[in-house]
Amino acid sequence: MDTQTNMNTDRQRLAETLADKLSQSLQQRKPISALTKSYPDLTLDDAYRIQQINVTRMLDAGEKIIGHKIGLTAKAMQELFGVDEPDYGHITDRMVLDPDLPLDLSRLIDPQIEVEPAFVLNRDLKGPGLTIEDVLDATEYISACFEIIDSRIADWDIRLQDTVADNGSSAFIALDSGKIGPRDFDLRGLHTVLEVDGVEVETGNTTAILGHPANGVAWLANKIAQFGNHLSAGDIVLPGTCTRSYRIAGTTNARGTIEGIGSISLDFVGNPTVVK
C-alpha cells in the first residue's frame, strides 16, 4: 500500500471516528468540544467527509433529503462565528416543522433561530457557472422561513470545519404558507425583522445575503458541482440569513418578517440542554 493510500485510509478512519462523536452528541443531546481543538489539522475536505457519513446514516434510518441550507452567507454571521466563507448542510424530511405546532426545545442542545427566504425549485440546478438568473429561472416560489440551528459543539465554539462536519449546525426548518414568484419584485434590499417574545432582537437587509439571496443558491449549486452533485426539482434551498442568529432557550415565541415575502411565527415549549 503506497503512502497516499495510507493517508487516505487514515483520513477516512478519522472522519468515521468524528462522525460517531457528532452522531452520539445529537442522539444524547450532550455537546462535545470542538473537533478542531482536538484535531487542529482537520481540513475542510475532512469536514465534508464527516458530514456525508452522518447524512448517509440518516438516509439508512429512513430519512429523505428534501433540500439544502447555506449558512454563514451574511457578514454578520461570519463575524459572529469567526469564519470567512459560507458552508452548507443537508435538509431531511425529519427536519421540517409544522409552524402551527409548538417546537419542544428539549429536543435540542443550544438552539438559535434565523429568519430567511426559502427557495423551492421546479427544475434541476447543475453547476458550475450558475448565476442569479439561472436560479430565478429554476425557482417555483419563495416563502419566509425559520431555520432553527443547533450545534453539537459546546457553547458554539466553532470554526468552519466544525460547523461543516456538524451538517451546517442544522436542526429544523419551518416554512410560511405564503408563496411569491421569484420575479414578483427585486429580492435585494428587503427589510428583515426577527422578534422574540414580542421584542425586536435583530434586523437586516436581504442584500447582505451575498448581495442577492439567489446568489446563495447559485453558490451552493456551483459548490456541490465540484463533487458531481446538483440541486433537484422540488428541493427546498435556504440561502442564509441577513441578520445574526438568536439563542431561544427560555423563550416562548418568535416571529420573522421579510418585507414583501411574508411572516412566520413559531411557539416554543420546554427547555434545551443548555439554558442561557
# chains A, B, ... in the order shown; residues from 1 in each chain; ligands from 1
>>> residues_around(residues="segment 166-172 of chain A", least_positions_apart="3", cutoff="6 Å", atoms="only C-alpha atoms", output="list in words")
Gln51, Tyr88, Gly89, Met95, Val96, Glu147, Ile148, Ile149, Asp150, Ser151 and Thr163 of chain A
>>> write_last_selection(atoms="N, CA, C and O atoms", output="JSON list (two decimals), in the first residue's frame")
[["chain", "number", "residue", "atom", "x", "y", "z"],
["A", 51, "GLN", "N", -19.54, 15.06, 7.44],
["A", 51, "GLN", "CA", -20.94, 15.39, 7.20],
["A", 51, "GLN", "C", -21.63, 14.31, 6.38],
["A", 51, "GLN", "O", -22.73, 13.85, 6.69],
["A", 88, "TYR", "N", -22.46, 24.63, 3.93],
["A", 88, "TYR", "CA", -23.78, 24.10, 3.59],
["A", 88, "TYR", "C", -24.03, 22.81, 4.34],
["A", 88, "TYR", "O", -23.12, 22.15, 4.83],
["A", 89, "GLY", "N", -25.32, 22.47, 4.43],
["A", 89, "GLY", "CA", -25.74, 21.22, 5.04],
["A", 89, "GLY", "C", -26.95, 20.68, 4.32],
["A", 89, "GLY", "O", -27.52, 21.33, 3.45],
["A", 95, "MET", "N", -36.58, 17.12, 9.48],
["A", 95, "MET", "CA", -36.26, 18.44, 10.00],
["A", 95, "MET", "C", -37.36, 19.47, 9.78],
["A", 95, "MET", "O", -37.27, 20.59, 10.29],
["A", 96, "VAL", "N", -38.40, 19.13, 9.03],
["A", 96, "VAL", "CA", -39.43, 20.10, 8.68],
["A", 96, "VAL", "C", -40.49, 20.15, 9.77],
["A", 96, "VAL", "O", -41.11, 19.13, 10.12],
["A", 147, "GLU", "N", -35.17, 29.00, 10.24],
["A", 147, "GLU", "CA", -34.27, 27.88, 10.43],
["A", 147, "GLU", "C", -33.85, 27.86, 11.89],
["A", 147, "GLU", "O", -33.40, 28.87, 12.43],
["A", 148, "ILE", "N", -34.04, 26.72, 12.52],
["A", 148, "ILE", "CA", -33.54, 26.51, 13.87],
["A", 148, "ILE", "C", -32.19, 25.82, 13.73],
["A", 148, "ILE", "O", -32.11, 24.69, 13.23],
["A", 149, "ILE", "N", -31.14, 26.48, 14.14],
["A", 149, "ILE", "CA", -29.82, 25.87, 14.10],
["A", 149, "ILE", "C", -29.45, 25.41, 15.51],
["A", 149, "ILE", "O", -29.95, 25.95, 16.51],
["A", 150, "ASP", "N", -28.62, 24.39, 15.58],
["A", 150, "ASP", "CA", -28.20, 23.85, 16.87],
["A", 150, "ASP", "C", -26.82, 23.24, 16.68],
["A", 150, "ASP", "O", -26.58, 22.56, 15.68],
["A", 151, "SER", "N", -25.94, 23.50, 17.59],
["A", 151, "SER", "CA", -24.58, 22.98, 17.46],
["A", 151, "SER", "C", -24.34, 21.86, 18.44],
["A", 151, "SER", "O", -24.67, 21.97, 19.63],
["A", 163, "THR", "N", -18.55, 23.40, 11.99],
["A", 163, "THR", "CA", -19.95, 23.52, 11.58],
["A", 163, "THR", "C", -20.22, 22.72, 10.31],
["A", 163, "THR", "O", -21.29, 22.14, 10.16]]
>>> residues_around(residues="segment 236-247 of chain A", least_positions_apart="6", cutoff="7 Å", atoms="only C-alpha atoms", output="VMD selection string")
chain A and resid 66 to 74 76 to 77 111 to 121 202 to 206 208 to 209 213 216 to 217
>>> select_by_dssp(residues="segment 86-221 of chain A", states="alpha helix (DSSP H)", output="ChimeraX atom specification")
/A:132-137,160-165,213-221
>>> write_last_selection(atoms="C-alpha atoms", output="mmCIF file, in the first residue's frame")
data_model
loop_
_atom_site.group_PDB
_atom_site.id
_atom_site.type_symbol
_atom_site.label_atom_id
_atom_site.label_comp_id
_atom_site.auth_asym_id
_atom_site.auth_seq_id
_atom_site.Cartn_x
_atom_site.Cartn_y
_atom_site.Cartn_z
ATOM 1 C CA ILE A 132 -28.737 34.684 -10.204
ATOM 2 C CA GLU A 133 -30.836 34.486 -13.385
ATOM 3 C CA ASP A 134 -30.353 30.718 -13.590
ATOM 4 C CA VAL A 135 -31.588 30.371 -10.012
ATOM 5 C CA LEU A 136 -34.645 32.556 -10.605
ATOM 6 C CA ASP A 137 -35.472 30.564 -13.739
ATOM 7 C CA LEU A 160 -15.701 26.473 9.757
ATOM 8 C CA GLN A 161 -14.619 22.823 9.817
ATOM 9 C CA ASP A 162 -16.676 22.213 12.972
ATOM 10 C CA THR A 163 -19.946 23.520 11.584
ATOM 11 C CA VAL A 164 -19.425 21.821 8.214
ATOM 12 C CA ALA A 165 -18.823 18.472 9.922
ATOM 13 C CA PRO A 213 -30.477 35.833 -1.924
ATOM 14 C CA ALA A 214 -30.358 33.906 -5.207
ATOM 15 C CA ASN A 215 -26.573 34.259 -5.128
ATOM 16 C CA GLY A 216 -26.575 31.942 -2.113
ATOM 17 C CA VAL A 217 -28.431 29.274 -4.083
ATOM 18 C CA ALA A 218 -26.062 29.712 -7.039
ATOM 19 C CA TRP A 219 -23.054 29.440 -4.714
ATOM 20 C CA LEU A 220 -24.360 26.143 -3.351
ATOM 21 C CA ALA A 221 -25.164 24.611 -6.744
#
>>> closest_atom_pairs(of="segment 41-137 of chain A", to="segment 30-35 of chain A", cutoff="10 Å", atoms="only C-alpha atoms", output="CSV")
residue,atom,partner,partner_atom,distance
A:Asp41,CA,A:Leu35,CA,9.8
A:Leu42,CA,A:Leu35,CA,7.8
A:Ala47,CA,A:Leu35,CA,9.5
A:Leu108,CA,A:Lys30,CA,9.2
A:Ile109,CA,A:Lys30,CA,6.8
A:Asp110,CA,A:Pro31,CA,8.7
>>> closest_residue(among="A:His212, A:Phe227, A:Ser25, A:Asn8", to="Tyr48 of chain A", atoms="only C-alpha atoms")
A:Phe227
>>> closest_residue(among="A:Ile261, A:Leu125, A:Val275, A:Leu130", to="Asp184 of chain A", atoms="only C-alpha atoms")
A:Ile261
>>> decode(residues="segment 225-249 of chain A", atoms="N, CA, C and O atoms", output="PDB file, in the first residue's frame")
ATOM      1  N   ALA A 225     -21.314  21.047  -7.348  1.00  0.00           N
ATOM      2  CA  ALA A 225     -20.949  20.532  -8.676  1.00  0.00           C
ATOM      3  C   ALA A 225     -19.524  19.990  -8.670  1.00  0.00           C
ATOM      4  O   ALA A 225     -19.196  19.092  -9.453  1.00  0.00           O
ATOM      5  N   GLN A 226     -18.680  20.513  -7.769  1.00  0.00           N
ATOM      6  CA  GLN A 226     -17.304  20.029  -7.654  1.00  0.00           C
ATOM      7  C   GLN A 226     -17.263  18.550  -7.256  1.00  0.00           C
ATOM      8  O   GLN A 226     -16.288  17.858  -7.517  1.00  0.00           O
ATOM      9  N   PHE A 227     -18.350  18.072  -6.620  1.00  0.00           N
ATOM     10  CA  PHE A 227     -18.408  16.691  -6.161  1.00  0.00           C
ATOM     11  C   PHE A 227     -19.359  15.851  -7.023  1.00  0.00           C
ATOM     12  O   PHE A 227     -19.746  14.746  -6.646  1.00  0.00           O
ATOM     13  N   GLY A 228     -19.745  16.405  -8.180  1.00  0.00           N
ATOM     14  CA  GLY A 228     -20.631  15.686  -9.081  1.00  0.00           C
ATOM     15  C   GLY A 228     -22.087  15.708  -8.665  1.00  0.00           C
ATOM     16  O   GLY A 228     -22.887  14.895  -9.156  1.00  0.00           O
ATOM     17  N   ASN A 229     -22.471  16.624  -7.782  1.00  0.00           N
ATOM     18  CA  ASN A 229     -23.851  16.694  -7.289  1.00  0.00           C
ATOM     19  C   ASN A 229     -24.567  17.919  -7.844  1.00  0.00           C
ATOM     20  O   ASN A 229     -23.944  18.836  -8.381  1.00  0.00           O
ATOM     21  N   HIS A 230     -25.877  17.941  -7.681  1.00  0.00           N
ATOM     22  CA  HIS A 230     -26.660  19.088  -8.143  1.00  0.00           C
ATOM     23  C   HIS A 230     -27.911  19.246  -7.286  1.00  0.00           C
ATOM     24  O   HIS A 230     -28.277  18.338  -6.529  1.00  0.00           O
ATOM     25  N   LEU A 231     -28.559  20.406  -7.390  1.00  0.00           N
ATOM     26  CA  LEU A 231     -29.840  20.630  -6.739  1.00  0.00           C
ATOM     27  C   LEU A 231     -30.944  20.108  -7.651  1.00  0.00           C
ATOM     28  O   LEU A 231     -30.845  20.217  -8.875  1.00  0.00           O
ATOM     29  N   SER A 232     -31.999  19.560  -7.057  1.00  0.00           N
ATOM     30  CA  SER A 232     -33.034  18.887  -7.834  1.00  0.00           C
ATOM     31  C   SER A 232     -34.365  19.628  -7.767  1.00  0.00           C
ATOM     32  O   SER A 232     -34.651  20.347  -6.799  1.00  0.00           O
ATOM     33  N   ALA A 233     -35.172  19.439  -8.783  1.00  0.00           N
ATOM     34  CA  ALA A 233     -36.536  19.972  -8.781  1.00  0.00           C
ATOM     35  C   ALA A 233     -37.260  19.491  -7.522  1.00  0.00           C
ATOM     36  O   ALA A 233     -37.174  18.322  -7.151  1.00  0.00           O
ATOM     37  N   GLY A 234     -37.951  20.414  -6.852  1.00  0.00           N
ATOM     38  CA  GLY A 234     -38.639  20.092  -5.607  1.00  0.00           C
ATOM     39  C   GLY A 234     -37.839  20.392  -4.365  1.00  0.00           C
ATOM     40  O   GLY A 234     -38.397  20.417  -3.257  1.00  0.00           O
ATOM     41  N   ASP A 235     -36.535  20.618  -4.522  1.00  0.00           N
ATOM     42  CA  ASP A 235     -35.699  20.915  -3.360  1.00  0.00           C
ATOM     43  C   ASP A 235     -36.097  22.234  -2.705  1.00  0.00           C
ATOM     44  O   ASP A 235     -36.467  23.204  -3.381  1.00  0.00           O
ATOM     45  N   ILE A 236     -35.992  22.258  -1.381  1.00  0.00           N
ATOM     46  CA  ILE A 236     -36.059  23.499  -0.605  1.00  0.00           C
ATOM     47  C   ILE A 236     -34.621  23.940  -0.369  1.00  0.00           C
ATOM     48  O   ILE A 236     -33.800  23.150   0.102  1.00  0.00           O
ATOM     49  N   VAL A 237     -34.319  25.191  -0.707  1.00  0.00           N
ATOM     50  CA  VAL A 237     -32.956  25.689  -0.530  1.00  0.00           C
ATOM     51  C   VAL A 237     -33.001  26.971   0.295  1.00  0.00           C
ATOM     52  O   VAL A 237     -33.677  27.933  -0.087  1.00  0.00           O
ATOM     53  N   LEU A 238     -32.281  26.978   1.399  1.00  0.00           N
ATOM     54  CA  LEU A 238     -32.200  28.157   2.259  1.00  0.00           C
ATOM     55  C   LEU A 238     -30.876  28.863   1.990  1.00  0.00           C
ATOM     56  O   LEU A 238     -29.816  28.270   2.207  1.00  0.00           O
ATOM     57  N   PRO A 239     -30.910  30.117   1.537  1.00  0.00           N
ATOM     58  CA  PRO A 239     -29.676  30.809   1.144  1.00  0.00           C
ATOM     59  C   PRO A 239     -28.924  31.473   2.278  1.00  0.00           C
ATOM     60  O   PRO A 239     -27.870  32.060   2.065  1.00  0.00           O
ATOM     61  N   GLY A 240     -29.468  31.390   3.497  1.00  0.00           N
ATOM     62  CA  GLY A 240     -28.813  32.035   4.628  1.00  0.00           C
ATOM     63  C   GLY A 240     -29.587  33.247   5.103  1.00  0.00           C
ATOM     64  O   GLY A 240     -30.441  33.797   4.404  1.00  0.00           O
ATOM     65  N   THR A 241     -29.286  33.675   6.305  1.00  0.00           N
ATOM     66  CA  THR A 241     -29.959  34.821   6.900  1.00  0.00           C
ATOM     67  C   THR A 241     -29.164  36.099   6.669  1.00  0.00           C
ATOM     68  O   THR A 241     -27.945  36.055   6.456  1.00  0.00           O
ATOM     69  N   CYS A 242     -29.850  37.229   6.729  1.00  0.00           N
ATOM     70  CA  CYS A 242     -29.161  38.519   6.587  1.00  0.00           C
ATOM     71  C   CYS A 242     -28.938  39.185   7.936  1.00  0.00           C
ATOM     72  O   CYS A 242     -28.446  40.309   8.013  1.00  0.00           O
ATOM     73  N   THR A 243     -29.320  38.509   9.014  1.00  0.00           N
ATOM     74  CA  THR A 243     -29.092  39.040  10.362  1.00  0.00           C
ATOM     75  C   THR A 243     -28.266  38.029  11.147  1.00  0.00           C
ATOM     76  O   THR A 243     -27.949  36.954  10.664  1.00  0.00           O
ATOM     77  N   ARG A 244     -27.952  38.367  12.356  1.00  0.00           N
ATOM     78  CA  ARG A 244     -27.356  37.385  13.241  1.00  0.00           C
ATOM     79  C   ARG A 244     -28.449  36.448  13.751  1.00  0.00           C
ATOM     80  O   ARG A 244     -29.621  36.821  13.825  1.00  0.00           O
ATOM     81  N   SER A 245     -28.060  35.233  14.101  1.00  0.00           N
ATOM     82  CA  SER A 245     -28.999  34.305  14.721  1.00  0.00           C
ATOM     83  C   SER A 245     -29.209  34.703  16.184  1.00  0.00           C
ATOM     84  O   SER A 245     -28.464  35.518  16.734  1.00  0.00           O
ATOM     85  N   TYR A 246     -30.233  34.095  16.811  1.00  0.00           N
ATOM     86  CA  TYR A 246     -30.581  34.488  18.182  1.00  0.00           C
ATOM     87  C   TYR A 246     -30.892  33.244  18.997  1.00  0.00           C
ATOM     88  O   TYR A 246     -31.695  32.391  18.593  1.00  0.00           O
ATOM     89  N   ARG A 247     -30.260  33.126  20.169  1.00  0.00           N
ATOM     90  CA  ARG A 247     -30.493  31.980  21.045  1.00  0.00           C
ATOM     91  C   ARG A 247     -31.915  32.026  21.602  1.00  0.00           C
ATOM     92  O   ARG A 247     -32.407  33.086  22.009  1.00  0.00           O
ATOM     93  N   ILE A 248     -32.587  30.869  21.640  1.00  0.00           N
ATOM     94  CA  ILE A 248     -34.003  30.859  22.019  1.00  0.00           C
ATOM     95  C   ILE A 248     -34.285  30.044  23.280  1.00  0.00           C
ATOM     96  O   ILE A 248     -35.452  29.839  23.627  1.00  0.00           O
ATOM     97  N   ALA A 249     -33.269  29.578  23.983  1.00  0.00           N
ATOM     98  CA  ALA A 249     -33.512  28.928  25.270  1.00  0.00           C
ATOM     99  C   ALA A 249     -34.246  29.897  26.193  1.00  0.00           C
ATOM    100  O   ALA A 249     -33.903  31.076  26.281  1.00  0.00           O
TER     101      ALA A 249
END
